[in-house]
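The next block holds one structure in the form of structure tokens; read it before the comments.
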Amino acid sequence: IETNNRKFRVEAIFIDLDGTLLDKWPKRISKKNLISIKKQQQTTSIIISTGRSYGKKVKKIMQLLDVEYAICQNGAIVVNKNGEILKNITLDKEQVERVIDIVKEEKLGFTINSEFLIYTDHWLWTTFTFLWRKKRKKIKKYSFKENNVNKIVVAGYLKSKKVWNLANKMQQTIKYTSIKTSGQDKIVEITHENATKGEAALFVANLLKIDINNTIHIGDSENDSTTKGKVGALFAMKNGSTKLIDLASHLGPKHKRGGVAKLLDGDFIELKNH
């Protein structure tokens, strides 16, 4: 890989799932991407880096790809192939309560740790942005548990501009957090400031005893932008958030129909002035 006039051999690749590696309906890895990943693993470590929780789906993907580590909840959790949690960073009570205050003010909804449960007082409105969620509860039913909240997802707005404004408002008023948009800029994700994909990449690189500058990250959402300045090169998929593309060092193809395989086969461009 070449970036900013620096050439390096890639020792590890951090790869996002939704909108990146999962290119086949419904949320599956195509044979083309799978073959490409297996080929890369002959010389390079592959690490999943996702906003998803460490659940059945991620476990299955880890087994399918035979990867040693996975970064989950945008970096709040790092787990190995044996299911051992190596890193676990949570939000404190004050941070969670401030998020909920803003959710109430804006008449939105939220989920905890990617669970299939929405807390909202405006269920009809938030249904549009939480179509995959089945259960709903009033916000007053939520009870904070210490050392349990890795990530909060807030949704309810349909326009990306409103989502961006919400993320900015939260970032300015909730201390010591990382707040990024995702889901095609339709949701806001809140984690602790030390729970980012970038910080987790540093953690895993140390476990692998490799130079973080000799790694790359591939993703499609603003939450992937936290790897910029940490990994050697940040690749954005063409279907990705404009915010990520503006920060990325390289641009790959759209993720569908083996997009990651195409990228790993050289189908990308270096973005100048990055």
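In the structure tokens, chains take the letters A, B, ... in the order shown, each chain's residues start at 1, and ligands count up from 1 in the order shown.
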
**Prompt:** If you count only C-alpha atoms, which residues fall within 12 Å of Lys145 (chain A), apart from same-chain ones fewer than 6 positions away, as JSON, numbers by chain?
**Reply:** {"A": [90, 91, 92, 93, 94, 96, 97, 112]}

Just write the chosen residues, C-alpha atoms, as an mmCIF file, in the first residue's frame.
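Output contents, as saved in out_16.cif:
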data_model
loop_
_atom_site.group_PDB
_atom_site.id
_atom_site.type_symbol
_atom_site.label_atom_id
_atom_site.label_comp_id
_atom_site.auth_asym_id
_atom_site.auth_seq_id
_atom_site.Cartn_x
_atom_site.Cartn_y
_atom_site.Cartn_z
ATOM 1 C CA THR A 90 -18.592 1.423 29.566
ATOM 2 C CA LEU A 91 -20.394 4.738 29.946
ATOM 3 C CA ASP A 92 -21.007 6.023 33.467
ATOM 4 C CA LYS A 93 -24.366 6.964 34.970
ATOM 5 C CA GLU A 94 -23.958 10.710 34.393
ATOM 6 C CA VAL A 96 -26.155 7.861 30.207
ATOM 7 C CA GLU A 97 -28.554 10.186 32.031
ATOM 8 C CA ILE A 112 -28.575 -0.022 24.805
#

Hey, could you make a per-residue contact list for region 66-123 of chain A against region 199-211 of chain A with 9 Å as the cut-off, showing the nearest pair of atoms and its distance in Å to one decimal, counting only C-alpha atoms, sorted by chain and number, as JSON lines?
{"residue": "A:Tyr69", "atom": "CA", "partner": "A:Val204", "partner_atom": "CA", "distance": 7.6}
{"residue": "A:Ala70", "atom": "CA", "partner": "A:Val204", "partner_atom": "CA", "distance": 8.9}
{"residue": "A:Ile71", "atom": "CA", "partner": "A:Ala200", "partner_atom": "CA", "distance": 6.7}
{"residue": "A:Asn74", "atom": "CA", "partner": "A:Ala200", "partner_atom": "CA", "distance": 8.4}
{"residue": "A:Gly75", "atom": "CA", "partner": "A:Ala200", "partner_atom": "CA", "distance": 5.1}
{"residue": "A:Ala76", "atom": "CA", "partner": "A:Ala200", "partner_atom": "CA", "distance": 7.7}
{"residue": "A:Ile77", "atom": "CA", "partner": "A:Ala200", "partner_atom": "CA", "distance": 8.1}
{"residue": "A:Val78", "atom": "CA", "partner": "A:Ala200", "partner_atom": "CA", "distance": 7.0}
{"residue": "A:Lys87", "atom": "CA", "partner": "A:Ala200", "partner_atom": "CA", "distance": 8.4}

**Asked** Hey, what does DSSP flag as strand (DSSP E or B) within region 35-208 of chain A? Can you give it to me as a VMD selection string?
**Response** chain A and resid 45 to 49 69 to 72 77 to 80 85 to 88 109 to 112 117 to 120 135 to 137 152 to 155 177 to 182 187 to 192

Sorted per-residue table, region 70-116 of chain A near region 169-188 of chain A, closest atoms and distance, 8 Å, only C-alpha atoms, as CSV:
residue,atom,partner,partner_atom,distance
A:Gln95,CA,A:Ile174,CA,6.3
A:Arg98,CA,A:Ile174,CA,6.6
A:Val99,CA,A:Met170,CA,7.4
A:Ile102,CA,A:Met170,CA,7.8

**Message:** Here is a test: counting only C-alpha atoms, which residue of A:Leu247, A:Ala167, A:Cys72, A:Leu117 is nearest to Asn150 (chain A)?
**Reply:**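 Once distances to Asn150 (chain A) are computed over only C-alpha atoms, the minimum belongs to A:Cys72.
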
**Prompt:** Which parts of region 2-245 of chain A does DSSP call alpha helix (DSSP H) when run on the backbone here, written out as a VMD selection string?
**Reply:** chain A and resid 31 to 40 56 to 65 93 to 106 123 to 126 160 to 173 197 to 208 242 to 245

Can you tell me which residues surround Ile15 (chain A) at a distance of at most 12 Å, considering only C-alpha atoms, apart from same-chain residues fewer than 4 positions away, and format the answer as a CSV table (one decimal) with C-alpha atoms, in the first residue's frame?
chain,number,residue,atom,x,y,z
A,19,GLY,CA,-22.1,-1.6,4.7
A,20,THR,CA,-18.6,-3.1,4.1
A,21,LEU,CA,-17.9,-6.8,4.4
A,22,LEU,CA,-21.5,-7.9,4.5
A,33,ASN,CA,-15.5,-11.7,-0.3
A,37,ILE,CA,-10.4,-12.8,2.9
A,45,SER,CA,-4.1,-10.7,10.1
A,46,ILE,CA,-7.8,-10.0,9.6
A,47,ILE,CA,-9.7,-8.3,12.4
A,48,ILE,CA,-13.4,-7.6,12.5
A,49,SER,CA,-14.2,-4.0,13.6
A,50,THR,CA,-17.9,-3.4,14.0
A,51,GLY,CA,-20.6,-1.4,15.8
A,61,ILE,CA,-18.6,-14.5,11.4
A,62,MET,CA,-15.5,-14.9,13.5
A,65,LEU,CA,-13.4,-16.2,8.8
A,67,VAL,CA,-10.2,-14.6,12.9
A,69,TYR,CA,-9.9,-11.0,17.4
A,70,ALA,CA,-13.0,-8.9,16.9
A,71,ILE,CA,-13.7,-5.3,17.9
A,72,CYS,CA,-17.3,-4.7,18.8
A,74,ASN,CA,-17.3,0.6,18.0
A,197,LYS,CA,-12.4,1.7,16.7
A,201,ALA,CA,-7.1,-1.0,16.7
A,215,THR,CA,-2.3,-1.7,9.2
A,216,ILE,CA,-5.3,-0.5,7.3
A,217,HIS,CA,-9.0,0.0,8.2
A,218,ILE,CA,-11.9,-0.5,5.8
A,219,GLY,CA,-15.3,0.9,6.6
A,220,ASP,CA,-18.3,3.0,5.5
A,221,SER,CA,-19.5,5.0,8.5
A,224,ASP,CA,-14.7,4.3,11.2
A,227,THR,CA,-9.0,5.1,13.0
A,234,LEU,CA,-8.1,4.5,6.1
A,235,PHE,CA,-10.2,3.1,3.2
A,236,ALA,CA,-13.8,4.3,2.8
A,237,MET,CA,-16.2,2.3,0.6
A,255,HIS,CA,-19.6,-2.7,-0.9
A,260,VAL,CA,-14.1,-5.7,-0.3
A,261,ALA,CA,-12.7,-8.4,-2.6
A,263,LEU,CA,-10.7,-3.4,-3.0
A,264,LEU,CA,-8.2,-6.0,-1.8

**Message:** Ranking A:Asn213, A:Glu68, A:Glu193, A:Ile89 by minimum distance to Lys7 (chain A) and counting only C-alpha atoms, which one comes first?
**Reply:** A:Asn213

**Request:** Between A:Asn165, A:Ala233, A:Ala195, A:Asn223, single out the one closest to Arg6 (chain A), counting only C-alpha atoms.
**Result:**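 The answer is A:Ala233, which sits nearest to Arg6 (chain A).
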
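CA of Leu17 (chain A) is positioned 9.2 Å from CA of Val58 (chain A).
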
**Asked** Which residues, written as a ChimeraX atom specification, have at least one atom at most 8 Å from Asp23 (chain A), with only C-alpha atoms counted and residues fewer than 5 positions away on the same chain left out?
**Response** /A:18,28-30,255-259

Write out as a PDB file with N, CA and C atoms, in the first residue's frame each polymer residue whose atoms come within 12 Å of Leu271 (chain A), counting only C-alpha atoms; drop sequence neighbours fewer than 3 positions from it.
ATOM      1  N   GLU A   2       0.427   2.264  -0.715  1.00  0.00           N
ATOM      2  CA  GLU A   2       1.141   3.536  -0.702  1.00  0.00           C
ATOM      3  C   GLU A   2       0.190   4.637  -0.256  1.00  0.00           C
ATOM      4  N   THR A   3       0.621   5.452   0.688  1.00  0.00           N
ATOM      5  CA  THR A   3      -0.176   6.581   1.155  1.00  0.00           C
ATOM      6  C   THR A   3       0.748   7.683   1.622  1.00  0.00           C
ATOM      7  N   ASN A   4       0.444   8.903   1.202  1.00  0.00           N
ATOM      8  CA  ASN A   4       1.277  10.054   1.565  1.00  0.00           C
ATOM      9  C   ASN A   4       2.755   9.802   1.270  1.00  0.00           C
ATOM     10  N   ALA A 233      -3.473   3.447   6.870  1.00  0.00           N
ATOM     11  CA  ALA A 233      -4.337   3.976   5.809  1.00  0.00           C
ATOM     12  C   ALA A 233      -5.789   3.662   6.139  1.00  0.00           C
ATOM     13  N   LEU A 234      -6.648   4.628   5.857  1.00  0.00           N
ATOM     14  CA  LEU A 234      -8.085   4.478   6.097  1.00  0.00           C
ATOM     15  C   LEU A 234      -8.799   4.421   4.755  1.00  0.00           C
ATOM     16  N   PHE A 235      -9.462   3.287   4.496  1.00  0.00           N
ATOM     17  CA  PHE A 235     -10.190   3.075   3.249  1.00  0.00           C
ATOM     18  C   PHE A 235     -11.688   3.245   3.486  1.00  0.00           C
ATOM     19  N   ALA A 236     -12.311   4.090   2.692  1.00  0.00           N
ATOM     20  CA  ALA A 236     -13.763   4.262   2.750  1.00  0.00           C
ATOM     21  C   ALA A 236     -14.388   3.574   1.549  1.00  0.00           C
ATOM     22  N   LEU A 244     -16.963  10.281   6.282  1.00  0.00           N
ATOM     23  CA  LEU A 244     -15.846   9.348   6.274  1.00  0.00           C
ATOM     24  C   LEU A 244     -15.006   9.527   5.015  1.00  0.00           C
ATOM     25  N   ILE A 245     -15.651   9.626   3.875  1.00  0.00           N
ATOM     26  CA  ILE A 245     -14.935   9.777   2.612  1.00  0.00           C
ATOM     27  C   ILE A 245     -14.062  11.027   2.625  1.00  0.00           C
ATOM     28  N   ASP A 246     -14.546  12.086   3.240  1.00  0.00           N
ATOM     29  CA  ASP A 246     -13.773  13.332   3.324  1.00  0.00           C
ATOM     30  C   ASP A 246     -12.494  13.162   4.151  1.00  0.00           C
ATOM     31  N   LEU A 247     -12.491  12.184   5.053  1.00  0.00           N
ATOM     32  CA  LEU A 247     -11.337  11.973   5.932  1.00  0.00           C
ATOM     33  C   LEU A 247     -10.430  10.834   5.478  1.00  0.00           C
ATOM     34  N   ALA A 248     -10.961   9.957   4.632  1.00  0.00           N
ATOM     35  CA  ALA A 248     -10.229   8.742   4.246  1.00  0.00           C
ATOM     36  C   ALA A 248      -9.010   9.032   3.380  1.00  0.00           C
ATOM     37  N   SER A 249      -8.044   8.125   3.432  1.00  0.00           N
ATOM     38  CA  SER A 249      -6.853   8.246   2.581  1.00  0.00           C
ATOM     39  C   SER A 249      -7.063   7.570   1.235  1.00  0.00           C
ATOM     40  N   HIS A 250      -7.998   6.593   1.218  1.00  0.00           N
ATOM     41  CA  HIS A 250      -8.267   5.863  -0.020  1.00  0.00           C
ATOM     42  C   HIS A 250      -9.771   5.636  -0.174  1.00  0.00           C
ATOM     43  N   LEU A 251     -10.210   5.494  -1.415  1.00  0.00           N
ATOM     44  CA  LEU A 251     -11.620   5.237  -1.717  1.00  0.00           C
ATOM     45  C   LEU A 251     -11.746   3.952  -2.516  1.00  0.00           C
ATOM     46  N   GLY A 252     -12.554   3.038  -1.984  1.00  0.00           N
ATOM     47  CA  GLY A 252     -12.782   1.776  -2.671  1.00  0.00           C
ATOM     48  C   GLY A 252     -14.113   1.777  -3.395  1.00  0.00           C
ATOM     49  N   PHE A 268      -9.060   0.536  -5.984  1.00  0.00           N
ATOM     50  CA  PHE A 268      -9.215   1.696  -5.103  1.00  0.00           C
ATOM     51  C   PHE A 268      -8.355   2.835  -5.629  1.00  0.00           C
ATOM     52  N   HIS A 274      -5.046  14.064   1.800  1.00  0.00           N
ATOM     53  CA  HIS A 274      -5.498  13.413   3.032  1.00  0.00           C
ATOM     54  C   HIS A 274      -4.284  12.915   3.796  1.00  0.00           C
TER      55      HIS A 274
END
